[in-house]
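Q: I'd like to ask you about the structure that follows.
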Amino acid sequence: GENVEQHPSTLSVQEGDSAVIKCTYSDSASNYFPWYKQELGKRPQLIIDIRSNVGEKKDQRIAVTLNKTAKHFSLHITETQPEDSAVYFCAAYITGNQFYFGTGTSLTVIP
Amino acid sequence: EAEVAQSPRYKITEKSQAVAFWCDPISGHATLYWYRQILGQGPELLVQFQDESVVDDSQLPKDRFSAERLKGVDSTLKIQPAELGDSAMYLCASSSSGRVNTEAFFGQGTRLTVV
């Protein structure tokens, strides 16, 4: 099955700096890559996603890039704010299959 | 906005007891997932349903765990007997099926503590 690896496991940045989280996947059939944000005690919520036919997608301060050849995708958060502090999960999905999640990155934005 | 409903939110049970969790997916979502999330880790799939059929239960410890979705709508996950190592967050998610960029919507989860 698919194997998703996520790095780093923890990340601390100063408010206003950028944060980058990287994931790799193993199955070239994966065609959809969502990113979820999970605040303490709350459900994971989708913040951005990308399909395999797109190389980059941006939504305000959040962007995701995908390199299909290298089988990796990254989450970029610019101008970080304290409310960005949470655990972020990447996932890889194959149509008709399941979501395979990374192990999560705990992001702390220091005011 | 439609949400995935789960109950209970919290459950404390003694080891060797039986425990059950309930999930009601977003209306019309044919695909339902049960995930287990241990603190500090990513969600791991236990079982996936497509309508009332099990698509994948390869990671479900079938000697103690069971799951059903009899009418293809809501679902129940049961553990009997519970063990200390079962303490975790149990997340239910649902999605529309068959589309490439189908988003999975998660419920609030049930936090299980086995004592």
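Ordering of the structure tokens sets the chain letters (A, B, ...), residue numbers begin anew at 1 in every chain, and ligands are numbered from 1 in the order given.
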Return the neighbours of chain A among the residues of chain B, cut-off 10 Å, counting only C-alpha atoms, as a PDB file with all heavy atoms, in the first residue's frame.

A:
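Final output, selection10.pdb:
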```
ATOM      1  N   THR B  31     -18.878   6.768   1.176  1.00  0.00           N
ATOM      2  CA  THR B  31     -17.664   6.217   1.775  1.00  0.00           C
ATOM      3  C   THR B  31     -17.537   6.665   3.228  1.00  0.00           C
ATOM      4  O   THR B  31     -17.661   7.850   3.528  1.00  0.00           O
ATOM      5  CB  THR B  31     -16.413   6.653   1.001  1.00  0.00           C
ATOM      6  OG1 THR B  31     -16.585   6.310  -0.378  1.00  0.00           O
ATOM      7  CG2 THR B  31     -15.182   5.935   1.530  1.00  0.00           C
ATOM      8  N   LEU B  32     -17.304   5.716   4.090  1.00  0.00           N
ATOM      9  CA  LEU B  32     -17.151   6.000   5.522  1.00  0.00           C
ATOM     10  C   LEU B  32     -15.896   5.310   6.015  1.00  0.00           C
ATOM     11  O   LEU B  32     -15.625   4.152   5.677  1.00  0.00           O
ATOM     12  CB  LEU B  32     -18.368   5.503   6.299  1.00  0.00           C
ATOM     13  CG  LEU B  32     -18.435   5.826   7.800  1.00  0.00           C
ATOM     14  CD1 LEU B  32     -19.891   6.019   8.230  1.00  0.00           C
ATOM     15  CD2 LEU B  32     -17.763   4.753   8.642  1.00  0.00           C
ATOM     16  N   TYR B  33     -15.107   6.046   6.773  1.00  0.00           N
ATOM     17  CA  TYR B  33     -13.846   5.541   7.321  1.00  0.00           C
ATOM     18  C   TYR B  33     -13.867   5.612   8.852  1.00  0.00           C
ATOM     19  O   TYR B  33     -14.368   6.577   9.422  1.00  0.00           O
ATOM     20  CB  TYR B  33     -12.657   6.394   6.868  1.00  0.00           C
ATOM     21  CG  TYR B  33     -12.534   6.690   5.391  1.00  0.00           C
ATOM     22  CD1 TYR B  33     -13.171   7.794   4.830  1.00  0.00           C
ATOM     23  CD2 TYR B  33     -11.734   5.903   4.570  1.00  0.00           C
ATOM     24  CE1 TYR B  33     -13.030   8.089   3.490  1.00  0.00           C
ATOM     25  CE2 TYR B  33     -11.583   6.204   3.223  1.00  0.00           C
ATOM     26  CZ  TYR B  33     -12.236   7.305   2.686  1.00  0.00           C
ATOM     27  OH  TYR B  33     -12.083   7.600   1.353  1.00  0.00           O
ATOM     28  N   GLN B  37      -6.395   7.304  16.100  1.00  0.00           N
ATOM     29  CA  GLN B  37      -5.290   8.257  16.207  1.00  0.00           C
ATOM     30  C   GLN B  37      -4.721   8.211  17.616  1.00  0.00           C
ATOM     31  O   GLN B  37      -5.382   8.606  18.575  1.00  0.00           O
ATOM     32  CB  GLN B  37      -5.751   9.670  15.862  1.00  0.00           C
ATOM     33  CG  GLN B  37      -4.617  10.680  15.850  1.00  0.00           C
ATOM     34  CD  GLN B  37      -5.080  12.075  15.472  1.00  0.00           C
ATOM     35  OE1 GLN B  37      -6.245  12.433  15.647  1.00  0.00           O
ATOM     36  NE2 GLN B  37      -4.174  12.877  14.947  1.00  0.00           N
ATOM     37  N   GLY B  40      -0.111  12.178  19.232  1.00  0.00           N
ATOM     38  CA  GLY B  40       1.174  12.493  18.615  1.00  0.00           C
ATOM     39  C   GLY B  40       1.418  11.814  17.292  1.00  0.00           C
ATOM     40  O   GLY B  40       2.489  11.970  16.696  1.00  0.00           O
ATOM     41  N   GLN B  41       0.438  11.061  16.816  1.00  0.00           N
ATOM     42  CA  GLN B  41       0.604  10.362  15.552  1.00  0.00           C
ATOM     43  C   GLN B  41      -0.519  10.709  14.584  1.00  0.00           C
ATOM     44  O   GLN B  41      -1.535  11.293  14.963  1.00  0.00           O
ATOM     45  CB  GLN B  41       0.634   8.844  15.786  1.00  0.00           C
ATOM     46  CG  GLN B  41       1.795   8.393  16.669  1.00  0.00           C
ATOM     47  CD  GLN B  41       1.827   6.880  16.825  1.00  0.00           C
ATOM     48  OE1 GLN B  41       1.235   6.146  16.045  1.00  0.00           O
ATOM     49  NE2 GLN B  41       2.535   6.420  17.843  1.00  0.00           N
ATOM     50  N   GLY B  42      -0.342  10.326  13.334  1.00  0.00           N
ATOM     51  CA  GLY B  42      -1.375  10.541  12.343  1.00  0.00           C
ATOM     52  C   GLY B  42      -2.454   9.480  12.417  1.00  0.00           C
ATOM     53  O   GLY B  42      -2.243   8.399  12.972  1.00  0.00           O
ATOM     54  N   PRO B  43      -3.612   9.782  11.859  1.00  0.00           N
ATOM     55  CA  PRO B  43      -4.698   8.784  11.853  1.00  0.00           C
ATOM     56  C   PRO B  43      -4.309   7.542  11.065  1.00  0.00           C
ATOM     57  O   PRO B  43      -3.691   7.639  10.006  1.00  0.00           O
ATOM     58  CB  PRO B  43      -5.846   9.532  11.159  1.00  0.00           C
ATOM     59  CG  PRO B  43      -5.517  10.986  11.284  1.00  0.00           C
ATOM     60  CD  PRO B  43      -4.028  11.061  11.242  1.00  0.00           C
ATOM     61  N   GLU B  44      -4.699   6.391  11.567  1.00  0.00           N
ATOM     62  CA  GLU B  44      -4.463   5.120  10.896  1.00  0.00           C
ATOM     63  C   GLU B  44      -5.805   4.450  10.626  1.00  0.00           C
ATOM     64  O   GLU B  44      -6.631   4.334  11.520  1.00  0.00           O
ATOM     65  CB  GLU B  44      -3.579   4.208  11.744  1.00  0.00           C
ATOM     66  CG  GLU B  44      -2.161   4.734  11.932  1.00  0.00           C
ATOM     67  CD  GLU B  44      -1.297   3.778  12.711  1.00  0.00           C
ATOM     68  OE1 GLU B  44      -1.797   3.199  13.700  1.00  0.00           O
ATOM     69  OE2 GLU B  44      -0.124   3.607  12.347  1.00  0.00           O
ATOM     70  N   LEU B  45      -5.990   3.996   9.388  1.00  0.00           N
ATOM     71  CA  LEU B  45      -7.258   3.420   8.992  1.00  0.00           C
ATOM     72  C   LEU B  45      -7.510   2.098   9.708  1.00  0.00           C
ATOM     73  O   LEU B  45      -6.649   1.223   9.749  1.00  0.00           O
ATOM     74  CB  LEU B  45      -7.290   3.197   7.482  1.00  0.00           C
ATOM     75  CG  LEU B  45      -8.616   2.663   6.933  1.00  0.00           C
ATOM     76  CD1 LEU B  45      -9.678   3.758   6.967  1.00  0.00           C
ATOM     77  CD2 LEU B  45      -8.431   2.132   5.514  1.00  0.00           C
ATOM     78  N   VAL B  47     -11.028   0.692   9.258  1.00  0.00           N
ATOM     79  CA  VAL B  47     -11.958   0.069   8.324  1.00  0.00           C
ATOM     80  C   VAL B  47     -12.550   1.132   7.417  1.00  0.00           C
ATOM     81  O   VAL B  47     -12.722   2.283   7.807  1.00  0.00           O
ATOM     82  CB  VAL B  47     -13.074  -0.689   9.076  1.00  0.00           C
ATOM     83  CG1 VAL B  47     -13.878   0.251   9.955  1.00  0.00           C
ATOM     84  CG2 VAL B  47     -13.981  -1.452   8.134  1.00  0.00           C
ATOM     85  N   GLN B  48     -12.813   0.719   6.167  1.00  0.00           N
ATOM     86  CA  GLN B  48     -13.420   1.595   5.180  1.00  0.00           C
ATOM     87  C   GLN B  48     -14.653   0.909   4.610  1.00  0.00           C
ATOM     88  O   GLN B  48     -14.602  -0.257   4.225  1.00  0.00           O
ATOM     89  CB  GLN B  48     -12.432   1.914   4.056  1.00  0.00           C
ATOM     90  CG  GLN B  48     -13.004   2.762   2.942  1.00  0.00           C
ATOM     91  CD  GLN B  48     -12.026   2.960   1.795  1.00  0.00           C
ATOM     92  OE1 GLN B  48     -10.844   2.657   1.911  1.00  0.00           O
ATOM     93  NE2 GLN B  48     -12.516   3.487   0.687  1.00  0.00           N
ATOM     94  N   GLN B  50     -17.847   1.195   1.756  1.00  0.00           N
ATOM     95  CA  GLN B  50     -18.461   1.799   0.584  1.00  0.00           C
ATOM     96  C   GLN B  50     -19.914   1.349   0.652  1.00  0.00           C
ATOM     97  O   GLN B  50     -20.222   0.180   0.464  1.00  0.00           O
ATOM     98  CB  GLN B  50     -17.796   1.312  -0.701  1.00  0.00           C
ATOM     99  CG  GLN B  50     -18.345   1.940  -1.957  1.00  0.00           C
ATOM    100  CD  GLN B  50     -18.013   3.406  -2.072  1.00  0.00           C
ATOM    101  OE1 GLN B  50     -17.039   3.890  -1.494  1.00  0.00           O
ATOM    102  NE2 GLN B  50     -18.815   4.139  -2.822  1.00  0.00           N
ATOM    103  N   VAL B  55     -14.735  -2.252   2.420  1.00  0.00           N
ATOM    104  CA  VAL B  55     -13.775  -2.192   1.322  1.00  0.00           C
ATOM    105  C   VAL B  55     -12.391  -2.622   1.806  1.00  0.00           C
ATOM    106  O   VAL B  55     -11.661  -3.313   1.102  1.00  0.00           O
ATOM    107  CB  VAL B  55     -13.718  -0.763   0.750  1.00  0.00           C
ATOM    108  CG1 VAL B  55     -12.602  -0.630  -0.272  1.00  0.00           C
ATOM    109  CG2 VAL B  55     -15.052  -0.382   0.141  1.00  0.00           C
ATOM    110  N   ASP B  56     -12.070  -2.193   3.021  1.00  0.00           N
ATOM    111  CA  ASP B  56     -10.739  -2.486   3.566  1.00  0.00           C
ATOM    112  C   ASP B  56     -10.839  -2.580   5.077  1.00  0.00           C
ATOM    113  O   ASP B  56     -11.220  -1.611   5.723  1.00  0.00           O
ATOM    114  CB  ASP B  56      -9.746  -1.390   3.145  1.00  0.00           C
ATOM    115  CG  ASP B  56      -8.305  -1.687   3.558  1.00  0.00           C
ATOM    116  OD1 ASP B  56      -8.083  -2.618   4.364  1.00  0.00           O
ATOM    117  OD2 ASP B  56      -7.392  -0.984   3.078  1.00  0.00           O
ATOM    118  N   MET B  89      -7.822   8.217  20.186  1.00  0.00           N
ATOM    119  CA  MET B  89      -8.953   8.939  19.597  1.00  0.00           C
ATOM    120  C   MET B  89      -9.446   8.123  18.408  1.00  0.00           C
ATOM    121  O   MET B  89      -8.649   7.704  17.563  1.00  0.00           O
ATOM    122  CB  MET B  89      -8.505  10.324  19.131  1.00  0.00           C
ATOM    123  CG  MET B  89      -9.570  11.085  18.367  1.00  0.00           C
ATOM    124  SD  MET B  89     -10.837  11.761  19.439  1.00  0.00           S
ATOM    125  CE  MET B  89     -10.020  13.301  19.916  1.00  0.00           C
ATOM    126  N   LEU B  91     -11.608   8.338  15.171  1.00  0.00           N
ATOM    127  CA  LEU B  91     -12.167   9.332  14.256  1.00  0.00           C
ATOM    128  C   LEU B  91     -12.959   8.653  13.154  1.00  0.00           C
ATOM    129  O   LEU B  91     -12.511   7.665  12.573  1.00  0.00           O
ATOM    130  CB  LEU B  91     -11.049  10.156  13.611  1.00  0.00           C
ATOM    131  CG  LEU B  91     -10.277  11.102  14.515  1.00  0.00           C
ATOM    132  CD1 LEU B  91      -8.978  11.524  13.843  1.00  0.00           C
ATOM    133  CD2 LEU B  91     -11.115  12.320  14.847  1.00  0.00           C
ATOM    134  N   CYS B  92     -14.112   9.213  12.867  1.00  0.00           N
ATOM    135  CA  CYS B  92     -14.908   8.772  11.737  1.00  0.00           C
ATOM    136  C   CYS B  92     -14.832   9.860  10.670  1.00  0.00           C
ATOM    137  O   CYS B  92     -14.808  11.059  10.991  1.00  0.00           O
ATOM    138  CB  CYS B  92     -16.354   8.549  12.166  1.00  0.00           C
ATOM    139  SG  CYS B  92     -17.462   8.046  10.839  1.00  0.00           S
ATOM    140  N   ALA B  93     -14.741   9.457   9.435  1.00  0.00           N
ATOM    141  CA  ALA B  93     -14.714  10.403   8.329  1.00  0.00           C
ATOM    142  C   ALA B  93     -15.594   9.880   7.212  1.00  0.00           C
ATOM    143  O   ALA B  93     -15.805   8.669   7.083  1.00  0.00           O
ATOM    144  CB  ALA B  93     -13.286  10.628   7.830  1.00  0.00           C
ATOM    145  N   SER B  96     -17.541  11.697  -0.491  1.00  0.00           N
ATOM    146  CA  SER B  96     -18.201  11.233  -1.696  1.00  0.00           C
ATOM    147  C   SER B  96     -17.238  10.282  -2.380  1.00  0.00           C
ATOM    148  O   SER B  96     -16.029  10.423  -2.253  1.00  0.00           O
ATOM    149  CB  SER B  96     -18.531  12.405  -2.612  1.00  0.00           C
ATOM    150  OG  SER B  96     -19.369  13.314  -1.952  1.00  0.00           O
ATOM    151  N   SER B  97     -17.721   9.356  -3.113  1.00  0.00           N
ATOM    152  CA  SER B  97     -16.832   8.355  -3.697  1.00  0.00           C
ATOM    153  C   SER B  97     -16.699   8.563  -5.199  1.00  0.00           C
ATOM    154  O   SER B  97     -17.546   9.165  -5.830  1.00  0.00           O
ATOM    155  CB  SER B  97     -17.371   6.952  -3.447  1.00  0.00           C
ATOM    156  OG  SER B  97     -18.655   6.813  -3.994  1.00  0.00           O
ATOM    157  N   GLY B  98     -15.613   8.084  -5.697  1.00  0.00           N
ATOM    158  CA  GLY B  98     -15.449   7.994  -7.136  1.00  0.00           C
ATOM    159  C   GLY B  98     -14.915   9.239  -7.809  1.00  0.00           C
ATOM    160  O   GLY B  98     -14.766   9.263  -9.019  1.00  0.00           O
ATOM    161  N   ARG B  99     -14.655  10.291  -7.041  1.00  0.00           N
ATOM    162  CA  ARG B  99     -14.103  11.495  -7.651  1.00  0.00           C
ATOM    163  C   ARG B  99     -12.653  11.669  -7.236  1.00  0.00           C
ATOM    164  O   ARG B  99     -12.238  11.241  -6.178  1.00  0.00           O
ATOM    165  CB  ARG B  99     -14.913  12.724  -7.263  1.00  0.00           C
ATOM    166  CG  ARG B  99     -16.322  12.708  -7.801  1.00  0.00           C
ATOM    167  CD  ARG B  99     -17.039  14.030  -7.600  1.00  0.00           C
ATOM    168  NE  ARG B  99     -17.316  14.291  -6.198  1.00  0.00           N
ATOM    169  CZ  ARG B  99     -16.799  15.308  -5.537  1.00  0.00           C
ATOM    170  NH1 ARG B  99     -15.990  16.137  -6.133  1.00  0.00           N
ATOM    171  NH2 ARG B  99     -17.095  15.500  -4.275  1.00  0.00           N
ATOM    172  N   VAL B 100     -11.882  12.328  -8.055  1.00  0.00           N
ATOM    173  CA  VAL B 100     -10.448  12.427  -7.800  1.00  0.00           C
ATOM    174  C   VAL B 100     -10.162  13.225  -6.540  1.00  0.00           C
ATOM    175  O   VAL B 100      -9.455  12.784  -5.652  1.00  0.00           O
ATOM    176  CB  VAL B 100      -9.729  13.067  -8.995  1.00  0.00           C
ATOM    177  CG1 VAL B 100      -8.267  13.337  -8.649  1.00  0.00           C
ATOM    178  CG2 VAL B 100      -9.825  12.164 -10.211  1.00  0.00           C
ATOM    179  N   ASN B 101     -10.699  14.431  -6.492  1.00  0.00           N
ATOM    180  CA  ASN B 101     -10.322  15.297  -5.359  1.00  0.00           C
ATOM    181  C   ASN B 101     -11.426  15.320  -4.332  1.00  0.00           C
ATOM    182  O   ASN B 101     -11.970  16.354  -4.003  1.00  0.00           O
ATOM    183  CB  ASN B 101     -10.011  16.702  -5.852  1.00  0.00           C
ATOM    184  CG  ASN B 101     -11.176  17.308  -6.608  1.00  0.00           C
ATOM    185  OD1 ASN B 101     -11.969  16.600  -7.177  1.00  0.00           O
ATOM    186  ND2 ASN B 101     -11.262  18.619  -6.591  1.00  0.00           N
ATOM    187  N   THR B 102     -11.751  14.141  -3.828  1.00  0.00           N
ATOM    188  CA  THR B 102     -12.836  14.066  -2.879  1.00  0.00           C
ATOM    189  C   THR B 102     -12.307  14.320  -1.466  1.00  0.00           C
ATOM    190  O   THR B 102     -11.383  13.660  -1.007  1.00  0.00           O
ATOM    191  CB  THR B 102     -13.523  12.699  -2.979  1.00  0.00           C
ATOM    192  OG1 THR B 102     -14.561  12.634  -2.014  1.00  0.00           O
ATOM    193  CG2 THR B 102     -12.550  11.552  -2.732  1.00  0.00           C
ATOM    194  N   GLU B 103     -12.878  15.287  -0.819  1.00  0.00           N
ATOM    195  CA  GLU B 103     -12.440  15.663   0.521  1.00  0.00           C
ATOM    196  C   GLU B 103     -13.032  14.717   1.548  1.00  0.00           C
ATOM    197  O   GLU B 103     -14.181  14.296   1.445  1.00  0.00           O
ATOM    198  CB  GLU B 103     -12.890  17.092   0.826  1.00  0.00           C
ATOM    199  CG  GLU B 103     -12.581  17.559   2.234  1.00  0.00           C
ATOM    200  CD  GLU B 103     -13.116  18.953   2.503  1.00  0.00           C
ATOM    201  OE1 GLU B 103     -13.564  19.620   1.551  1.00  0.00           O
ATOM    202  OE2 GLU B 103     -13.090  19.361   3.677  1.00  0.00           O
ATOM    203  N   ALA B 104     -12.235  14.362   2.541  1.00  0.00           N
ATOM    204  CA  ALA B 104     -12.716  13.590   3.671  1.00  0.00           C
ATOM    205  C   ALA B 104     -13.073  14.549   4.796  1.00  0.00           C
ATOM    206  O   ALA B 104     -12.261  15.391   5.182  1.00  0.00           O
ATOM    207  CB  ALA B 104     -11.663  12.592   4.144  1.00  0.00           C
ATOM    208  N   PHE B 105     -14.270  14.435   5.290  1.00  0.00           N
ATOM    209  CA  PHE B 105     -14.740  15.269   6.393  1.00  0.00           C
ATOM    210  C   PHE B 105     -14.698  14.422   7.672  1.00  0.00           C
ATOM    211  O   PHE B 105     -15.237  13.322   7.704  1.00  0.00           O
ATOM    212  CB  PHE B 105     -16.173  15.741   6.142  1.00  0.00           C
ATOM    213  CG  PHE B 105     -16.306  16.678   4.979  1.00  0.00           C
ATOM    214  CD1 PHE B 105     -16.416  16.200   3.691  1.00  0.00           C
ATOM    215  CD2 PHE B 105     -16.330  18.050   5.185  1.00  0.00           C
ATOM    216  CE1 PHE B 105     -16.542  17.065   2.609  1.00  0.00           C
ATOM    217  CE2 PHE B 105     -16.468  18.924   4.114  1.00  0.00           C
ATOM    218  CZ  PHE B 105     -16.570  18.427   2.824  1.00  0.00           C
ATOM    219  N   PHE B 106     -14.092  14.978   8.701  1.00  0.00           N
ATOM    220  CA  PHE B 106     -13.937  14.248   9.941  1.00  0.00           C
ATOM    221  C   PHE B 106     -14.964  14.660  10.990  1.00  0.00           C
ATOM    222  O   PHE B 106     -15.363  15.830  11.066  1.00  0.00           O
ATOM    223  CB  PHE B 106     -12.534  14.483  10.529  1.00  0.00           C
ATOM    224  CG  PHE B 106     -11.462  13.718   9.824  1.00  0.00           C
ATOM    225  CD1 PHE B 106     -10.836  14.245   8.710  1.00  0.00           C
ATOM    226  CD2 PHE B 106     -11.084  12.464  10.276  1.00  0.00           C
ATOM    227  CE1 PHE B 106      -9.839  13.535   8.046  1.00  0.00           C
ATOM    228  CE2 PHE B 106     -10.083  11.744   9.625  1.00  0.00           C
ATOM    229  CZ  PHE B 106      -9.473  12.291   8.517  1.00  0.00           C
ATOM    230  N   GLY B 107     -15.355  13.691  11.807  1.00  0.00           N
ATOM    231  CA  GLY B 107     -16.140  13.989  12.983  1.00  0.00           C
ATOM    232  C   GLY B 107     -15.241  14.470  14.110  1.00  0.00           C
ATOM    233  O   GLY B 107     -14.011  14.533  13.964  1.00  0.00           O
ATOM    234  N   GLN B 108     -15.843  14.827  15.235  1.00  0.00           N
ATOM    235  CA  GLN B 108     -15.089  15.334  16.379  1.00  0.00           C
ATOM    236  C   GLN B 108     -14.276  14.243  17.062  1.00  0.00           C
ATOM    237  O   GLN B 108     -13.366  14.525  17.816  1.00  0.00           O
ATOM    238  CB  GLN B 108     -16.051  15.964  17.411  1.00  0.00           C
ATOM    239  CG  GLN B 108     -16.733  17.222  16.931  1.00  0.00           C
ATOM    240  CD  GLN B 108     -15.853  18.451  17.134  1.00  0.00           C
ATOM    241  OE1 GLN B 108     -14.629  18.389  17.117  1.00  0.00           O
ATOM    242  NE2 GLN B 108     -16.491  19.592  17.338  1.00  0.00           N
ATOM    243  N   GLY B 109     -14.647  13.012  16.812  1.00  0.00           N
ATOM    244  CA  GLY B 109     -13.909  11.905  17.392  1.00  0.00           C
ATOM    245  C   GLY B 109     -14.448  11.470  18.741  1.00  0.00           C
ATOM    246  O   GLY B 109     -15.165  12.206  19.425  1.00  0.00           O
ATOM    247  N   ARG B 111     -12.806  10.079  22.224  1.00  0.00           N
ATOM    248  CA  ARG B 111     -11.554   9.805  22.939  1.00  0.00           C
ATOM    249  C   ARG B 111     -11.817   8.685  23.934  1.00  0.00           C
ATOM    250  O   ARG B 111     -12.587   8.854  24.868  1.00  0.00           O
ATOM    251  CB  ARG B 111     -11.018  11.047  23.646  1.00  0.00           C
ATOM    252  CG  ARG B 111      -9.699  10.745  24.378  1.00  0.00           C
ATOM    253  CD  ARG B 111      -8.954  11.983  24.771  1.00  0.00           C
ATOM    254  NE  ARG B 111      -8.489  12.766  23.631  1.00  0.00           N
ATOM    255  CZ  ARG B 111      -7.451  12.462  22.876  1.00  0.00           C
ATOM    256  NH1 ARG B 111      -6.752  11.353  23.101  1.00  0.00           N
ATOM    257  NH2 ARG B 111      -7.095  13.251  21.882  1.00  0.00           N
TER     258      ARG B 111
END
```

Q: Just the residues within 8 Å of Asp86 (chain B), please, counting only C-alpha atoms, with nothing from its chain fewer than 2 positions along; format it as a list in words.

A: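 Counting only C-alpha atoms, the residues come to Ala82, Glu83, Leu84, Ala88, Leu112, Thr113 and Val114 of chain B.
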
Q: As a ChimeraX atom specification, which residues of region 7-90 of chain B does DSSP assign to strand (DSSP E)?

A: /B:7,10-13,19-24,31-37,44-50,53-56,65-68,75-79,88-90

Q: Tell me, in Å to one decimal, how far CA of His72 (chain A) is from CA of Val20 (chain A).

A: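 Taking CA of His72 (chain A) as the start and CA of Val20 (chain A) as the end point, the length is 12.8 Å.
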